[in-house]
Amino acid sequence: MKGAKTYPKGGVHPPDNKGLSSRKPIKSALIPQTLVVPLSQHLGKPAEIQVEVGDEVREGMVLGKSTGFISSPVHSPIPGKVKEIKDVYLHNGLKSKAIVIEMEGEFDRLGKSQEKKDWNNLSGKELLDIITENGIVGLGGATFPSHVKFSIPKGKKAELFVVNGVECEPYLTIDHRLMLEKTDELFEGIKIIQRILQPERIAIGIEENKPDAIEHIRKRADEAGLPLEVVSLKLKYPQGDEKLLLKALTGREVPSGGLPIDIGAVVSNAGTVFSIYEAVVFGKPLIERLVTVSGGAIKDPANLKVRIGTPIGELIEECGGFTEVPEKIVAGGPMTGFAVYDLDTPVVKGTSGVLALTAKEVNGASRTNCISCGRCIEACPISLNPTKIFKHVDHLEYEAAVELGLNDCRECGSCAFMCPAHIPLAQGIKLGKRMARKKKG
Amino acid sequence: MEEKDLRLIEPAPQIHHPDSTARIMWAVVVSLVPAGAWGVYVFGARVIAVLAVSIISSMAAEFVMAKLMGKENTLYDGSAFLTGVLIGFNLPPGIPYFVPIMASLFAVIIVKWTFGGLGTNWMNPALAGRVFVFFSWTGHMTNWTMPRTMNAVDSVSGASVLGFIKTGLIDYQGAPKGPMQYLNSKGYPQSSTDASVTEWLRGVFGDGVGGGYWDLFIGNVPGCIGEISALLLLLGAAYLFYRKIITWETPVSYLVVFSLLVWIFGGLPFNAGFFRGNILFHLFSGGLMLGAFFMATDMVTSPLTRRGMLIFGAGAGFLTFLIRVYGSFPEGVSLAIILMNIFVPMINRYTQEQRFGVSNEKGNAA
């Protein structure tokens with residue numbers, strides 16, 4: 001497409017493999033008898049547990065309350081009884097307290113038509129409270145609490161609100177399907193956010209591999225009279241990163257260490273906007289999310305609406321199981337997601353996909369010394385020197401690594417994807433960030 | 001799930017580009033096959049033995065060094081095999097077998113492994129090996145075999161074109177105003193295909209077209225095993241471009257700077273004045289094609305960024321010109337690239353990219 005925008009430097013082109021699931025309409029996944037709901041599903045402090053073993057819970061009831069500004073509550077996805085409270089390993093390898101719920105009794109929402117609430121009389125502050133109470137977090141994967149993002153610091157102004165419909169991760173098609181199937185809901189969500197932020201401009205960025213979505217949103221926005229700029233973007237990973245998306249849309253760079261609001265912008269994932277719509281219009285907490293189940297080893301890939309706490313194994317089962325023994329099972333997208341070893345790992349708020357990848361898709365190889373090919377530098381969208389930073393981290397020279405931009409890393413994985421020596425650059429840099437922070441105390 | 005222990009658990013990214021170190025190395029080996037086959041064709045089966053000796057000794061050295069240094073077996077990565085091939089390519093066909101062995105041992109043990117093996121050396125191992133044996137056994141290294149495709153009277157040995165001219169230019173008082181005219185005037189042998197191609201070219205472009213270019217381009221000249229056929233080396237380079245293993249910056253800046261300098265100053269030794277140099281002759285003779293596309297582009301010993309590669313290539317072009325046209329050696333490619341290898345860390349330092357969102361006037365002025 002002519003005139004499609006993108007950010008100027010770096011980026012990679014992994015095979016997008018979205019065709020496996022992009023034509024599959026969203027359907028609701030089966031709800032298993034037992035769900036495991038972790039208390040730490042968002043960036044920030046874990047929620048504080050509000051129930052005990054044996055308690056009866058209702059669908060949408062608070063299981064864990066928010067413990068600070070950068071925190072978020074967790075709600076019960078199903079009605080039932082608290083069977084157990086235990087530690088589980090999340091897909092990211094971290095341990096979290098989790099509540100095991102055995103399904104019992106009647107659903108309050110499922111299968112029942114819900115009354116639409118009129119939110120037109122509510123103020124921005126009141127809308128923000130609804131978002132906070134309903135545990136809405138960024139569903140693109142970072143799970144940053146949405147109310148924090150929408151609370152604009154004093155002296156700053158959100159001139160531009162951007163809906164992130166890029167979905168640059170290969171395989172994932174939930175935002176694509178959402179834009180096609182839930183357009184009106186998405187638009188109402190945008191209006192709610194407009195009320196909160198009062199931006200001068202609203203835009204949505206969509207990559208060119210979703211021409212139907214670009215056209216559809218453009219047409220419907222016109223019909224609805226919504227002044228939404230629909231921007232088509234050249235296909236390039238990691239364009240869905242908010243800093244790069246803003247660079248592509250506005251040409252401006254969020255300063256190092258800064259946030260989008262520093263250049264007057266707020267970015268929200270399309271899925272998040274939809275959840276905000278549901279929270280405000282139906283009072284529904286974030287108890288389910290969309291998940292793409294895909295990969296070369298999945299028999300029948302699908303886009304599923306899944307209750308939080310569903311074991312990923314159940315979803316794979318529902319998609320016909322494996323066609324061959326997968327090399328890896330991934331929670332999230334293939335570029336930033338986590339390989340999991342346990343099919344009982346629950347879906348959490350940040351689980352955008354469940355992928356079973358074959359050896360051919362993974363392209364593993366043994367590690368060699370760095371051959372100074374420069375491909376990591378070329379791939380890095382923010383012009384870091386990943387190989388040099390990695391060497392510093394490897395030698396425990398965190399200060400030198402920070403000096404070279406360690407903390408600017410967007411953790412997109414492009415460097416490690418390209419590295420012919422198969423050095424775990426992104427992995428090491430991510431670890432280095434954590435170690436540098438710890439050392440600083 | 002009983003197979004869960006076999007599953008691979010790694011942090012992101014979970015997928016990878018198909019290229020690996022080994023695939024890159026073997027792709028370079030593949031790209032060198034046509035030029036190597038040509039060497040075998042024109043110089044005979046002995047070339048196979050020379051290549052085999054240099055490859056085997058290079059891999060043996062790699063195997064032993066990896067063992068000694070307690071590293072995993074590194075033969076699979078293909079780098080030692082490639083070094084062997086490149087050393088063989090840079091030797092005259094009639095070389096005694098101990099020379100490739102010495103070159104390989106020097107390249108792999110001294111140049112590569114004293115720094116820690118693959119990726120750690122600052123000098124191209126194959127070129128270092130070649131230069132080492134060149135200065136140690138210069139006689140053997142400048143004893144050329146005539147290709148059997150040439151109508152040479154003495155078909156066993158002769159001087160390389162560059163060597164022939166270098167000798168001829170000492171206290172030059174002759175009439176020919178360029179290298180090609182000089183070779184023709186001295187009766188340097190040419191093949192019959194060259195004669196017919198030249199005749200055809202004269203039919204198209206007029207009588208001004210000199211003879212001998214076809215031989216240079218196709219590789220009907222004495223020289224090192226793998227360096228003589230510019231055509232087949234360009235074919236191999238095209239494959240590397242297609243596989244995105246080399247980028248245009250290094251070879252193009254190398255050849256452009258070299259050509260410009262040759263054009264401006266190349267005529268001076270022939271008393272022909274400025275802007276009279278013969279670019280085509282210099283591009284297709286000696287090891288320039290092999291050097292520019294396969295040696296200067298060596299990832300380990302060339303700069304990291306594209307801007308750096310431009311500088312690196314330009315420097316190599318300048319030094320090649322200097323050594324070839326004004327130095328006492330007929331050929332300057334190997335030395336030029338090795339000299340530029342020394343500058344790589346400095347080039348890397350001064351070509352670092354502006355980081356995203358860091359005091360970028362342009363990006364944040366709006």
# chains A, B, ... in the order shown; residues from 1 in each chain; ligands from 1
>>> residues_around(residues="Tyr172 in chain B", least_positions_apart="4", cutoff="9 Å", atoms="only C-alpha atoms", output="mmCIF file with N, CA and C atoms, in the first residue's frame")
data_model
loop_
_atom_site.group_PDB
_atom_site.id
_atom_site.type_symbol
_atom_site.label_atom_id
_atom_site.label_comp_id
_atom_site.auth_asym_id
_atom_site.auth_seq_id
_atom_site.Cartn_x
_atom_site.Cartn_y
_atom_site.Cartn_z
ATOM 1 N N GLY B 168 58.204 -4.458 -15.406
ATOM 2 C CA GLY B 168 58.404 -3.638 -16.591
ATOM 3 C C GLY B 168 58.439 -2.153 -16.295
ATOM 4 N N PRO B 269 52.473 6.223 -13.775
ATOM 5 C CA PRO B 269 53.672 5.394 -13.973
ATOM 6 C C PRO B 269 53.978 5.147 -15.453
ATOM 7 N N PHE B 270 52.963 5.273 -16.298
ATOM 8 C CA PHE B 270 53.192 5.084 -17.742
ATOM 9 C C PHE B 270 53.481 6.400 -18.443
ATOM 10 N N ASN B 271 53.708 7.446 -17.630
ATOM 11 C CA ASN B 271 53.936 8.784 -18.171
ATOM 12 C C ASN B 271 52.778 9.229 -19.060
#
>>> closest_atom_pairs(of="range 94-155 of chain A", to="range 170-177 of chain A", cutoff="12 Å", atoms="only C-alpha atoms", output="tab-separated table")
residue	atom	partner	partner_atom	distance
A:Leu139	CA	A:Asp175	CA	10.0
A:Gly140	CA	A:Asp175	CA	9.1
A:Gly141	CA	A:Leu172	CA	11.6
>>> write_last_selection(atoms="N, CA and C atoms", output="PDB file, in the first residue's frame")
ATOM      1  N   LEU A 139      -3.731  -5.212  27.671  1.00  0.00           N
ATOM      2  CA  LEU A 139      -3.839  -6.605  27.230  1.00  0.00           C
ATOM      3  C   LEU A 139      -2.890  -6.937  26.087  1.00  0.00           C
ATOM      4  N   GLY A 140      -2.058  -5.988  25.705  1.00  0.00           N
ATOM      5  CA  GLY A 140      -1.090  -6.263  24.656  1.00  0.00           C
ATOM      6  C   GLY A 140       0.008  -7.197  25.141  1.00  0.00           C
ATOM      7  N   GLY A 141       0.140  -7.335  26.428  1.00  0.00           N
ATOM      8  CA  GLY A 141       1.158  -8.233  26.967  1.00  0.00           C
ATOM      9  C   GLY A 141       1.883  -7.646  28.158  1.00  0.00           C
TER      10      GLY A 141
END
>>> interface_residues(of="chain B", to="chain A", cutoff="7 Å", atoms="only C-alpha atoms", output="MDAnalysis selection string")
chainID B and resid 4 7:21 118:119 299:300 304:305 353:358 363:364
>>> residues_around(residues="Asn303 in chain A", least_positions_apart="4", cutoff="9 Å", atoms="only C-alpha atoms", output="number ranges by chain")
A: 21-22, 24-28, 172-174, 177, 290-294, 353
>>> write_last_selection(atoms="N, CA and C atoms", output="compact mmCIF listing (two decimals), in the first residue's frame")
# COMPACT_ATOMS: atom_id res chain seq x y z
N SER A 21 -4.86 -18.49 11.63
CA SER A 21 -6.04 -18.24 12.46
C SER A 21 -6.80 -16.96 12.11
N SER A 22 -6.30 -16.18 11.12
CA SER A 22 -6.89 -14.85 10.93
C SER A 22 -8.32 -14.89 10.39
N LYS A 24 -10.54 -17.14 11.45
CA LYS A 24 -11.39 -17.88 12.40
C LYS A 24 -12.09 -16.88 13.33
N PRO A 25 -13.42 -16.80 13.25
CA PRO A 25 -14.15 -15.88 14.13
C PRO A 25 -13.92 -16.23 15.60
N ILE A 26 -14.06 -15.20 16.44
CA ILE A 26 -13.88 -15.41 17.87
C ILE A 26 -14.99 -16.33 18.39
N LYS A 27 -14.60 -17.34 19.17
CA LYS A 27 -15.65 -18.15 19.83
C LYS A 27 -15.27 -18.35 21.28
N SER A 28 -16.28 -18.61 22.08
CA SER A 28 -16.02 -18.78 23.51
C SER A 28 -15.45 -20.16 23.77
N LEU A 172 -0.41 -14.07 16.26
CA LEU A 172 -1.56 -13.56 17.01
C LEU A 172 -2.55 -12.85 16.10
N THR A 173 -3.83 -13.14 16.29
CA THR A 173 -4.86 -12.55 15.43
C THR A 173 -6.06 -12.06 16.22
N ILE A 174 -5.91 -11.95 17.55
CA ILE A 174 -7.08 -11.56 18.35
C ILE A 174 -7.47 -10.11 18.12
N ARG A 177 -9.20 -9.87 14.75
CA ARG A 177 -10.60 -10.34 14.80
C ARG A 177 -11.47 -9.35 15.55
N LEU A 290 -9.23 -12.47 25.13
CA LEU A 290 -9.10 -13.20 23.88
C LEU A 290 -7.72 -13.83 23.80
N VAL A 291 -7.67 -15.03 23.29
CA VAL A 291 -6.42 -15.76 23.17
C VAL A 291 -6.38 -16.42 21.80
N THR A 292 -5.28 -16.21 21.06
CA THR A 292 -5.09 -16.96 19.81
C THR A 292 -4.38 -18.26 20.15
N VAL A 293 -4.98 -19.37 19.76
CA VAL A 293 -4.31 -20.66 19.93
C VAL A 293 -3.85 -21.08 18.54
N SER A 294 -2.54 -21.20 18.36
CA SER A 294 -2.04 -21.41 17.01
C SER A 294 -0.67 -22.08 17.04
N GLY A 353 -1.65 -15.28 23.61
CA GLY A 353 -1.68 -16.42 22.72
C GLY A 353 -1.16 -17.66 23.40
>>> select_by_dssp(residues="range 261-357 of chain A", states="helix (DSSP H, G or I)", output="PDB file with C-alpha atoms, in the first residue's frame")
ATOM      1  CA  ILE A 261       2.803  11.248  27.776  1.00  0.00           C
ATOM      2  CA  ASP A 262       6.115  13.144  27.617  1.00  0.00           C
ATOM      3  CA  ILE A 263       5.289  13.830  23.976  1.00  0.00           C
ATOM      4  CA  ALA A 270      -7.371  -2.532  20.959  1.00  0.00           C
ATOM      5  CA  GLY A 271      -8.175  -5.382  23.333  1.00  0.00           C
ATOM      6  CA  THR A 272      -7.787  -3.092  26.313  1.00  0.00           C
ATOM      7  CA  VAL A 273     -10.162  -0.564  24.775  1.00  0.00           C
ATOM      8  CA  PHE A 274     -12.700  -3.337  24.342  1.00  0.00           C
ATOM      9  CA  SER A 275     -12.339  -4.397  27.987  1.00  0.00           C
ATOM     10  CA  ILE A 276     -12.814  -0.809  29.073  1.00  0.00           C
ATOM     11  CA  TYR A 277     -16.025  -0.750  27.061  1.00  0.00           C
ATOM     12  CA  GLU A 278     -17.246  -3.898  28.810  1.00  0.00           C
ATOM     13  CA  ALA A 279     -16.288  -2.575  32.236  1.00  0.00           C
ATOM     14  CA  VAL A 280     -18.011   0.764  31.772  1.00  0.00           C
ATOM     15  CA  VAL A 281     -21.068  -0.325  29.822  1.00  0.00           C
ATOM     16  CA  PHE A 282     -21.776  -3.662  31.528  1.00  0.00           C
ATOM     17  CA  ILE A 312      -3.538 -23.635  28.587  1.00  0.00           C
ATOM     18  CA  GLY A 313      -3.721 -27.403  28.071  1.00  0.00           C
ATOM     19  CA  GLU A 314      -7.523 -27.165  27.987  1.00  0.00           C
ATOM     20  CA  LEU A 315      -7.335 -24.641  25.146  1.00  0.00           C
ATOM     21  CA  ILE A 316      -4.969 -26.829  23.165  1.00  0.00           C
ATOM     22  CA  GLU A 317      -7.322 -29.748  23.727  1.00  0.00           C
ATOM     23  CA  GLU A 318     -10.210 -27.664  22.464  1.00  0.00           C
TER      24      GLU A 318
END
>>> closest_residue(among="B:Ile323, B:Ile101, B:Met295, B:Leu232", to="Asn124 in chain B", atoms="only C-alpha atoms")
B:Met295
>>> residues_around(residues="Ala436 in chain A", least_positions_apart="2", cutoff="9 Å", atoms="only C-alpha atoms", output="list in words")
Val393, Leu396, Glu397, Tyr398, Glu399, Ala401, Val402, Leu406, Asn407, Leu431, Gly432, Lys433, Arg434, Lys438, Lys439, Lys440 and Gly441 of chain A
>>> closest_residue(among="A:Lys210, A:Lys45, A:Lys219, A:Lys236", to="Arg23 in chain A", atoms="only C-alpha atoms")
A:Lys210
>>> residues_around(residues="range 344-351 of chain B", least_positions_apart="4", cutoff="10 Å", atoms="only C-alpha atoms", output="PyMOL selection string")
chain B and resi 122-123+300-309+311-312+339-340
>>> select_by_dssp(residues="range 138-299 of chain B", states="strand (DSSP E)", output="list in words")
Trp144, Thr145, Ser157 and Gly158 of chain B
>>> residues_around(residues="Val108 in chain B", least_positions_apart="6", cutoff="8 Å", atoms="only C-alpha atoms", output="ChimeraX atom specification")
/B:58,61-62,80,125
>>> write_last_selection(atoms="N, CA and C atoms", output="PDB file, in the first residue's frame")
ATOM      1  N   SER B  58      43.818 -26.858   8.085  1.00  0.00           N
ATOM      2  CA  SER B  58      43.103 -25.826   8.818  1.00  0.00           C
ATOM      3  C   SER B  58      42.116 -26.441   9.811  1.00  0.00           C
ATOM      4  N   ALA B  61      43.991 -28.136  12.710  1.00  0.00           N
ATOM      5  CA  ALA B  61      44.454 -27.137  13.674  1.00  0.00           C
ATOM      6  C   ALA B  61      43.294 -26.667  14.553  1.00  0.00           C
ATOM      7  N   GLU B  62      42.134 -26.443  13.936  1.00  0.00           N
ATOM      8  CA  GLU B  62      40.955 -26.009  14.680  1.00  0.00           C
ATOM      9  C   GLU B  62      40.563 -27.057  15.726  1.00  0.00           C
ATOM     10  N   ALA B  80      36.471 -23.048  10.102  1.00  0.00           N
ATOM     11  CA  ALA B  80      37.803 -23.580   9.791  1.00  0.00           C
ATOM     12  C   ALA B  80      37.848 -24.090   8.350  1.00  0.00           C
ATOM     13  N   PRO B 125      41.933 -14.414   9.223  1.00  0.00           N
ATOM     14  CA  PRO B 125      42.909 -15.502   9.356  1.00  0.00           C
ATOM     15  C   PRO B 125      43.485 -15.956   8.017  1.00  0.00           C
TER      16      PRO B 125
END
>>> closest_residue(among="B:Tyr239, B:Gly178, B:Ile87, B:Val252", to="Phe274 in chain B", atoms="only C-alpha atoms")
B:Gly178
>>> closest_residue(among="A:Pro260, A:Trp119, A:Leu94, A:Ser268", to="Ile190 in chain A", atoms="only C-alpha atoms")
A:Ser268
>>> closest_residue(among="A:Val162, A:Leu286, A:Ala400, A:Ile85", to="Leu197 in chain A", atoms="only C-alpha atoms")
A:Val162
>>> residues_around(residues="Leu180 in chain A", least_positions_apart="6", cutoff="8 Å", atoms="only C-alpha atoms", output="list in words")
Asp212, Ala213, His216 and Ile217 of chain A
>>> atom_distance(atom1="CA of Glu229 in chain A", atom2="CA of Gly205 in chain A")
8.4 Å
>>> atom_distance(atom1="CA of Val354 in chain A", atom2="CA of Ser232 in chain A")
27.0 Å
>>> atom_distance(atom1="CA of Pro346 in chain A", atom2="CA of Phe150 in chain A")
28.2 Å
